[in-house]
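S.K.: To be precise about what I am sending: the file is called input.txt and holds compact mmCIF, C-alpha atoms.
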```txt
# COMPACT_ATOMS: atom_id res chain seq x y z
CA MET A 11 3.26 -18.66 -12.33
CA ARG A 12 1.78 -17.36 -15.60
CA ALA A 13 -1.09 -19.86 -15.34
CA ARG A 14 -1.81 -18.65 -11.82
CA ILE A 15 -1.88 -15.02 -12.97
CA GLU A 16 -4.24 -15.85 -15.81
CA THR A 17 -6.53 -17.76 -13.42
CA LEU A 18 -6.62 -14.83 -11.01
CA ALA A 19 -7.26 -12.42 -13.87
CA ALA A 20 -10.20 -14.48 -15.10
CA ALA A 21 -11.72 -14.56 -11.62
CA GLY A 22 -11.17 -10.83 -11.24
CA ALA A 23 -12.81 -10.15 -14.58
CA LEU A 24 -15.93 -12.07 -13.58
CA LEU A 25 -16.22 -10.38 -10.18
CA LEU A 26 -15.63 -6.90 -11.55
CA GLY A 27 -18.17 -7.46 -14.27
CA LEU A 28 -20.75 -8.35 -11.63
CA THR A 29 -19.78 -5.36 -9.51
CA LEU A 30 -20.13 -2.86 -12.35
CA THR A 31 -23.20 -4.28 -14.06
CA SER A 32 -25.61 -1.76 -12.57
CA ALA A 33 -23.18 1.13 -12.95
CA ALA A 34 -22.04 0.32 -16.47
CA ALA A 35 -25.06 1.69 -18.34
CA GLY A 36 -23.59 3.95 -20.98
CA ALA A 37 -20.23 2.19 -20.86
CA PRO A 38 -18.24 2.65 -24.08
CA SER A 39 -18.17 -0.11 -26.65
CA ALA A 40 -15.13 -2.34 -26.77
CA ALA A 41 -12.46 -0.84 -28.98
CA PRO A 42 -12.03 -2.69 -32.29
CA GLY A 43 -8.27 -2.11 -32.52
CA PRO A 44 -5.88 -5.10 -32.44
CA PHE A 45 -4.53 -4.83 -28.90
CA ASP A 46 -5.08 -6.75 -25.65
CA TYR A 47 -5.94 -4.22 -22.93
CA TYR A 48 -5.61 -0.59 -21.89
CA VAL A 49 -3.14 0.97 -19.47
CA LEU A 50 -4.64 3.94 -17.64
CA SER A 51 -1.80 6.16 -16.48
CA LEU A 52 -2.56 8.52 -13.61
CA SER A 53 0.24 11.01 -13.05
CA TRP A 54 0.92 12.42 -9.58
CA SER A 55 0.88 16.10 -10.41
CA PRO A 56 3.07 17.38 -7.54
CA ALA A 57 5.92 15.07 -8.61
CA PHE A 58 5.47 16.11 -12.25
CA CYS A 59 5.88 19.70 -11.12
CA ASP A 60 8.90 18.90 -8.93
CA LEU A 61 10.66 17.05 -11.74
CA GLY A 62 10.51 19.81 -14.35
CA GLY A 63 6.85 20.18 -15.26
CA ALA A 64 6.40 23.56 -13.60
CA GLU A 65 8.07 25.34 -16.51
CA LYS A 66 5.76 23.72 -19.07
CA PHE A 67 2.51 23.95 -17.11
CA PRO A 68 2.73 26.85 -14.64
CA GLU A 69 -1.02 26.87 -13.94
CA GLN A 70 -1.05 23.20 -12.99
CA CYS A 71 1.93 23.71 -10.71
CA ALA A 72 0.94 27.03 -9.16
CA ALA A 73 0.26 27.27 -5.44
CA GLY A 74 -3.40 26.57 -4.78
CA SER A 75 -3.95 24.47 -7.92
CA GLY A 76 -4.78 21.46 -5.76
CA ALA A 77 -3.99 18.96 -8.54
CA GLY A 78 -3.29 15.42 -7.34
CA PHE A 79 -3.69 12.42 -9.64
CA VAL A 80 -4.38 13.60 -13.19
CA VAL A 81 -4.86 11.72 -16.45
CA HIS A 82 -1.64 11.16 -18.34
CA GLY A 83 -3.07 8.76 -20.86
CA LEU A 84 -5.06 5.67 -21.77
CA TRP A 85 -2.76 3.46 -23.82
CA PRO A 86 -3.67 0.40 -25.90
CA SER A 87 -1.19 -2.31 -24.92
CA ASN A 88 -0.31 -5.92 -25.65
CA ARG A 89 0.58 -8.83 -23.39
CA MET A 90 3.52 -10.07 -25.44
CA SER A 91 4.20 -7.92 -28.51
CA LEU A 92 5.17 -4.27 -28.77
CA ASP A 93 2.48 -1.76 -27.88
CA PRO A 94 0.95 0.07 -30.86
CA GLU A 95 1.67 3.78 -31.35
CA ASP A 96 1.06 6.43 -34.01
CA CYS A 97 -1.48 4.43 -35.99
CA GLY A 98 -3.09 7.30 -37.88
CA LEU A 99 -0.91 10.37 -38.23
CA ASP A 100 -3.45 12.11 -40.46
CA ASP A 101 -6.38 11.36 -38.17
CA ARG A 102 -6.46 14.47 -36.02
CA ALA A 103 -8.92 15.35 -33.27
CA SER A 104 -11.27 18.16 -34.28
CA PRO A 105 -11.79 21.31 -32.18
CA ALA A 106 -15.15 19.87 -31.09
CA ASP A 107 -13.49 16.64 -29.96
CA LEU A 108 -10.87 18.56 -28.01
CA ALA A 109 -13.55 20.72 -26.42
CA ALA A 110 -15.28 17.53 -25.23
CA ALA A 111 -11.98 16.43 -23.66
CA ARG A 112 -11.67 19.67 -21.69
CA GLY A 113 -11.30 19.02 -17.99
CA LEU A 114 -10.05 15.50 -18.66
CA TYR A 115 -6.47 16.31 -19.59
CA LEU A 116 -4.62 19.27 -18.16
CA SER A 117 -4.08 20.85 -21.56
CA GLU A 118 -5.52 20.71 -25.03
CA GLY A 119 -2.05 20.00 -26.36
CA LEU A 120 -1.77 16.86 -24.23
CA ALA A 121 -5.21 15.67 -25.35
CA ARG A 122 -4.24 16.15 -29.00
CA TYR A 123 -0.92 14.37 -28.51
CA GLU A 124 -2.44 11.43 -26.63
CA TYR A 125 -5.07 10.85 -29.31
CA LEU A 126 -2.52 10.94 -32.14
CA LYS A 127 -0.01 8.70 -30.38
CA HIS A 128 -2.34 6.26 -28.63
CA GLY A 129 -5.99 6.89 -29.43
CA THR A 130 -5.54 6.29 -33.15
CA CYS A 131 -4.47 2.73 -32.34
CA THR A 132 -7.76 1.85 -30.65
CA GLY A 133 -9.89 2.01 -33.79
CA LEU A 134 -12.14 4.54 -32.04
CA SER A 135 -13.00 8.00 -33.26
CA ALA A 136 -11.51 10.87 -31.27
CA ALA A 137 -14.88 11.52 -29.62
CA ASP A 138 -15.30 7.87 -28.61
CA TYR A 139 -11.70 7.61 -27.43
CA PHE A 140 -12.02 10.63 -25.14
CA ALA A 141 -15.34 9.27 -23.85
CA THR A 142 -13.56 5.99 -23.04
CA VAL A 143 -10.76 7.83 -21.23
CA ARG A 144 -13.32 9.71 -19.16
CA TYR A 145 -15.24 6.53 -18.36
CA ALA A 146 -12.09 4.67 -17.28
CA THR A 147 -10.93 7.59 -15.13
CA ASP A 148 -14.30 7.97 -13.43
CA LYS A 149 -14.33 4.26 -12.53
CA ILE A 150 -11.05 4.38 -10.58
CA ALA A 151 -11.37 5.48 -6.96
CA ILE A 152 -8.44 7.45 -5.60
CA PRO A 153 -7.56 6.33 -2.04
CA PRO A 154 -8.55 8.97 0.54
CA THR A 155 -4.99 9.32 1.84
CA LEU A 156 -3.74 10.13 -1.66
CA LYS A 157 -6.44 12.53 -2.83
CA ALA A 158 -4.92 15.75 -1.52
CA PRO A 159 -2.17 15.28 1.09
CA ARG A 160 -0.99 18.59 2.53
CA GLU A 161 2.26 17.22 3.90
CA TRP A 162 5.02 15.07 2.50
CA LEU A 163 4.28 11.37 2.93
CA ARG A 164 6.86 8.61 3.11
CA LEU A 165 5.39 5.34 1.93
CA SER A 166 6.57 2.13 0.35
CA PRO A 167 5.41 1.40 -3.20
CA ARG A 168 3.49 -1.52 -1.68
CA ASP A 169 1.66 0.94 0.60
CA VAL A 170 0.49 2.90 -2.46
CA GLU A 171 -0.50 -0.31 -4.22
CA ASP A 172 -2.41 -1.56 -1.16
CA ALA A 173 -4.25 1.76 -0.85
CA PHE A 174 -5.50 1.52 -4.44
CA ILE A 175 -6.45 -2.12 -3.97
CA ALA A 176 -8.44 -1.25 -0.84
CA ALA A 177 -10.28 1.53 -2.69
CA ASN A 178 -11.07 -0.49 -5.83
CA PRO A 179 -12.79 -3.89 -5.44
CA ASN A 180 -11.15 -6.70 -7.45
CA LEU A 181 -8.00 -4.72 -8.26
CA ARG A 182 -4.92 -6.91 -7.75
CA PRO A 183 -1.14 -6.38 -7.85
CA GLU A 184 -0.97 -8.08 -11.26
CA ASN A 185 -3.28 -5.36 -12.65
CA MET A 186 -1.11 -2.35 -11.83
CA ALA A 187 2.24 -0.68 -11.29
CA VAL A 188 3.46 2.10 -9.02
CA VAL A 189 6.02 4.22 -10.87
CA CYS A 190 8.68 6.24 -9.07
CA GLY A 191 11.40 8.64 -10.15
CA ARG A 192 14.17 10.29 -8.13
CA GLY A 193 12.67 8.79 -5.00
CA GLU A 194 9.18 10.24 -5.55
CA LEU A 195 5.83 8.74 -6.52
CA VAL A 196 5.39 9.65 -10.19
CA GLU A 197 2.48 7.59 -11.58
CA VAL A 198 0.08 4.78 -10.92
CA ARG A 199 -0.73 2.61 -13.94
CA ILE A 200 -3.81 0.40 -13.96
CA CYS A 201 -4.64 -2.16 -16.64
CA VAL A 202 -8.24 -2.38 -17.83
CA SER A 203 -9.95 -4.67 -20.34
CA LYS A 204 -10.93 -3.34 -23.77
CA ASP A 205 -14.62 -3.40 -22.85
CA MET A 206 -14.02 -1.55 -19.56
CA LYS A 207 -15.71 -4.32 -17.56
CA ALA A 208 -12.69 -5.75 -15.74
CA PHE A 209 -9.15 -5.14 -14.65
CA ALA A 210 -6.63 -6.90 -16.87
CA ALA A 211 -3.61 -8.97 -15.91
CA CYS A 212 -0.57 -7.18 -17.34
CA PRO A 213 2.70 -8.80 -16.20
CA ARG A 214 4.81 -6.54 -18.45
CA VAL A 215 3.41 -3.50 -16.65
CA ALA A 216 3.34 -4.95 -13.14
CA GLU A 217 6.93 -6.19 -13.28
CA HIS A 218 8.16 -2.60 -13.69
CA SER A 219 6.55 -1.41 -10.47
CA CYS A 220 8.90 0.61 -8.27
CA ARG A 221 11.24 -1.58 -6.19
CA ARG A 222 12.48 1.04 -3.72
CA GLY A 223 11.95 0.42 -0.05
CA ALA A 224 10.28 3.80 0.43
CA ILE A 225 9.30 6.76 -1.74
CA GLU A 226 8.23 10.33 -1.04
CA VAL A 227 4.76 11.54 -1.97
CA ALA A 228 4.85 15.28 -2.57
CA PRO A 229 1.94 17.32 -1.16
CA VAL A 230 -0.55 19.01 -3.47
CA ARG A 231 0.18 22.64 -4.21
```
What would the structure in this file look like if it were written as structure tokens?
M.R.:
Amino acid sequence: MRARIETLAAAGALLLGLTLTSAAAGAPSAAPGPFDYYVLSLSWSPAFCDLGGAEKFPEQCAAGSGAGFVVHGLWPSNRMSLDPEDCGLDDRASPADLAAARGLYLSEGLARYEYLKHGTCTGLSAADYFATVRYATDKIAIPPTLKAPREWLRLSPRDVEDAFIAANPNLRPENMAVVCGRGELVEVRICVSKDMKAFAACPRVAEHSCRRGAIEVAPVR
């Protein structure tokens, strides 16, 4: 099974590289840090608000905010060993770096936290890390049905997975996970190669995809 996954991943990497060749001008350099791939975590904002986030981020959760999938983080991860965290506690993002990340994360505090906890493990400067997060986020197409639903949706986790696969050429189930909590869609996690040219096979991530028969997708506010 593992050999089959690795074969599929290699084929996917080649195809995605060909697909993005013309669009990848200005792509960030591969991170020098000792990790295997990135996990891009896209949080479903309405569920975040339903499950306690409204008190912390009232603007994000206010009626009319319209927030759907938002960046939670871009995390350096490993296939087999523990994922690196907190690799440079004294390496803080400057005000200029945080200003450049504005509009990417929903708060400056989250941007600062994500760089300290995860970005410092990539070997990239804060500026280059945030540029990489922006590049990765821009390359993922959100399925039309999940951009801004105005009504509650009831879908299976496989439905959500299939929608992302249909919207993103060469994305496969072994490259992602649909995360649920209390019966709601919470996050979609997508694994990307260090050089941003391919989706990455990530069995440790994919195996934790939601196993419920159906989940609720909260409407945007």
S.K.: Using all atoms listed in the file, which residues of stretch 135-196 of chain A come within 12 Å of stretch 113-128 of chain A, and what is the closest atom pair for each, with the distance in Å to one decimal? Give it as a Markdown table, sorted by chain and residue number.
M.R.:
```
| residue | atom | partner | partner_atom | distance |
| --- | --- | --- | --- | --- |
| A:Ser135 | CA | A:Tyr125 | CA | 9.3 |
| A:Ala136 | CA | A:Tyr125 | CA | 6.7 |
| A:Ala137 | CA | A:Tyr125 | CA | 9.8 |
| A:Asp138 | CA | A:Tyr125 | CA | 10.7 |
| A:Tyr139 | CA | A:Tyr125 | CA | 7.6 |
| A:Phe140 | CA | A:Tyr125 | CA | 8.1 |
| A:Ala141 | CA | A:Leu114 | CA | 9.7 |
| A:Thr142 | CA | A:Leu114 | CA | 11.0 |
| A:Val143 | CA | A:Leu114 | CA | 8.1 |
| A:Arg144 | CA | A:Leu114 | CA | 6.7 |
| A:Tyr145 | CA | A:Leu114 | CA | 10.4 |
| A:Ala146 | CA | A:Leu114 | CA | 11.1 |
| A:Thr147 | CA | A:Leu114 | CA | 8.7 |
| A:Asp148 | CA | A:Leu114 | CA | 10.1 |
```
S.K.: For the residues in the current selection, export C-alpha atoms as a compact mmCIF listing (two decimals), in the frame of the given file.
M.R.:
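Writing done, so here's out_6.txt:
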```
# COMPACT_ATOMS: atom_id res chain seq x y z
CA SER A 135 -13.00 8.00 -33.26
CA ALA A 136 -11.51 10.87 -31.27
CA ALA A 137 -14.88 11.52 -29.62
CA ASP A 138 -15.30 7.87 -28.61
CA TYR A 139 -11.70 7.61 -27.43
CA PHE A 140 -12.02 10.63 -25.14
CA ALA A 141 -15.34 9.27 -23.85
CA THR A 142 -13.56 5.99 -23.04
CA VAL A 143 -10.76 7.83 -21.23
CA ARG A 144 -13.32 9.71 -19.16
CA TYR A 145 -15.24 6.53 -18.36
CA ALA A 146 -12.09 4.67 -17.28
CA THR A 147 -10.93 7.59 -15.13
CA ASP A 148 -14.30 7.97 -13.43
```
S.K.: Would you please work out which residue, of A:Met206, A:Ala109, A:Ala41, A:Val196, is nearest to A:Ile150 when using only C-alpha atoms?
M.R.: A:Met206
S.K.: Can you tell me how far atom CA of A:Cys212 sits from atom CA of A:Arg168, in Å to one decimal?
M.R.: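 So the answer is 17.1 Å.
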S.K.: For A:Gly129, which residue among A:Ala77, A:Val49, A:Leu61, A:Ala158 is the nearest when counting all atoms listed in the file?
M.R.: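 Of A:Ala77, A:Val49, A:Leu61, A:Ala158, the one nearest A:Gly129, counting all atoms listed in the file, is A:Val49.
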S.K.: Which distance in Å separates atom CA of A:Arg231 and atom CA of A:Lys66, to one decimal?
M.R.: 15.9 Å
S.K.: So how far away is atom CA of A:Glu161 from atom CA of A:Cys201, in Å?
M.R.: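 Separation between atom CA of A:Cys201 and atom CA of A:Glu161: 29.1 Å.
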S.K.: Please work out which residues fall within 12 Å of (2.1, 28.6, -0.2), coordinates as given in the file, with all atoms listed in the file counting, and return them as a list in words.
M.R.: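 Every residue inside that radius is included here: Cys71, Ala72, Ala73, Gly74, Ser75, Gly76, Arg160, Pro229, Val230 and Arg231 of chain A.
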S.K.: Which residue out of A:Ala177, A:Leu134, A:Ala40, A:Cys190 has the minimum interatomic distance to A:Ser203 when only C-alpha atoms are used?
M.R.: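 Checking each candidate against A:Ser203, we get A:Ala40 as the closest.
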S.K.: Show which residues sit within 10 Å of A:Asp169, as an MDAnalysis selection string. Count all atoms listed in the file, and ignore same-chain residues fewer than 6 positions away.
M.R.: chainID A and resid 175 188 224:225
S.K.: With only C-alpha atoms as the atoms that count, which of A:Leu181, A:Ala151, A:Leu84, A:Leu195 lies nearest to A:Trp54?
M.R.: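 That would be A:Leu195, the residue with the smallest distance to A:Trp54.
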S.K.: When you get a chance, write out N, CA and C atoms for stretch 140-165 of chain A, as a short mmCIF file (atom, residue, chain, number, x, y, z; two decimals), keeping the file's coordinate frame.
M.R.:
```
data_model
loop_
_atom_site.label_atom_id
_atom_site.label_comp_id
_atom_site.auth_asym_id
_atom_site.auth_seq_id
_atom_site.Cartn_x
_atom_site.Cartn_y
_atom_site.Cartn_z
N PHE A 140 -12.00 9.75 -26.32
CA PHE A 140 -12.02 10.63 -25.14
C PHE A 140 -13.14 10.22 -24.17
N ALA A 141 -14.27 9.76 -24.72
CA ALA A 141 -15.34 9.27 -23.85
C ALA A 141 -14.89 8.04 -23.07
N THR A 142 -14.09 7.19 -23.70
CA THR A 142 -13.56 5.99 -23.04
C THR A 142 -12.57 6.37 -21.96
N VAL A 143 -11.71 7.35 -22.25
CA VAL A 143 -10.76 7.83 -21.23
C VAL A 143 -11.51 8.36 -20.02
N ARG A 144 -12.55 9.15 -20.27
CA ARG A 144 -13.32 9.71 -19.16
C ARG A 144 -14.00 8.61 -18.35
N TYR A 145 -14.56 7.63 -19.04
CA TYR A 145 -15.24 6.53 -18.36
C TYR A 145 -14.26 5.76 -17.48
N ALA A 146 -13.09 5.43 -18.04
CA ALA A 146 -12.09 4.67 -17.28
C ALA A 146 -11.63 5.46 -16.06
N THR A 147 -11.40 6.75 -16.24
CA THR A 147 -10.93 7.59 -15.13
C THR A 147 -11.97 7.68 -14.03
N ASP A 148 -13.22 7.84 -14.42
CA ASP A 148 -14.30 7.97 -13.43
C ASP A 148 -14.49 6.69 -12.63
N LYS A 149 -14.12 5.54 -13.19
CA LYS A 149 -14.33 4.26 -12.53
C LYS A 149 -13.25 3.93 -11.50
N ILE A 150 -12.14 4.65 -11.52
CA ILE A 150 -11.05 4.38 -10.58
C ILE A 150 -11.19 5.30 -9.38
N ALA A 151 -11.28 4.70 -8.20
CA ALA A 151 -11.37 5.48 -6.96
C ALA A 151 -9.96 5.78 -6.45
N ILE A 152 -9.72 7.05 -6.18
CA ILE A 152 -8.44 7.45 -5.60
C ILE A 152 -8.51 7.23 -4.09
N PRO A 153 -7.53 6.56 -3.50
CA PRO A 153 -7.56 6.33 -2.04
C PRO A 153 -7.63 7.66 -1.28
N PRO A 154 -8.40 7.72 -0.21
CA PRO A 154 -8.55 8.97 0.54
C PRO A 154 -7.23 9.60 0.96
N THR A 155 -6.27 8.78 1.37
CA THR A 155 -4.99 9.32 1.84
C THR A 155 -4.17 9.94 0.73
N LEU A 156 -4.51 9.63 -0.53
CA LEU A 156 -3.74 10.13 -1.66
C LEU A 156 -4.52 11.12 -2.52
N LYS A 157 -5.67 11.57 -2.05
CA LYS A 157 -6.44 12.53 -2.83
C LYS A 157 -5.80 13.92 -2.79
N ALA A 158 -5.45 14.39 -1.62
CA ALA A 158 -4.92 15.75 -1.52
C ALA A 158 -4.08 15.91 -0.25
N PRO A 159 -3.00 15.14 -0.12
CA PRO A 159 -2.17 15.28 1.09
C PRO A 159 -1.54 16.68 1.16
N ARG A 160 -1.54 17.25 2.33
CA ARG A 160 -0.99 18.59 2.53
C ARG A 160 0.41 18.57 3.10
N GLU A 161 0.90 17.37 3.39
CA GLU A 161 2.26 17.22 3.90
C GLU A 161 2.95 16.12 3.11
N TRP A 162 4.27 16.14 3.13
CA TRP A 162 5.02 15.07 2.50
C TRP A 162 4.70 13.74 3.20
N LEU A 163 4.49 12.71 2.41
CA LEU A 163 4.28 11.37 2.93
C LEU A 163 5.47 10.49 2.55
N ARG A 164 5.82 9.61 3.42
CA ARG A 164 6.86 8.61 3.11
C ARG A 164 6.21 7.24 3.18
N LEU A 165 6.09 6.61 2.04
CA LEU A 165 5.39 5.34 1.93
C LEU A 165 6.24 4.36 1.12
#
```
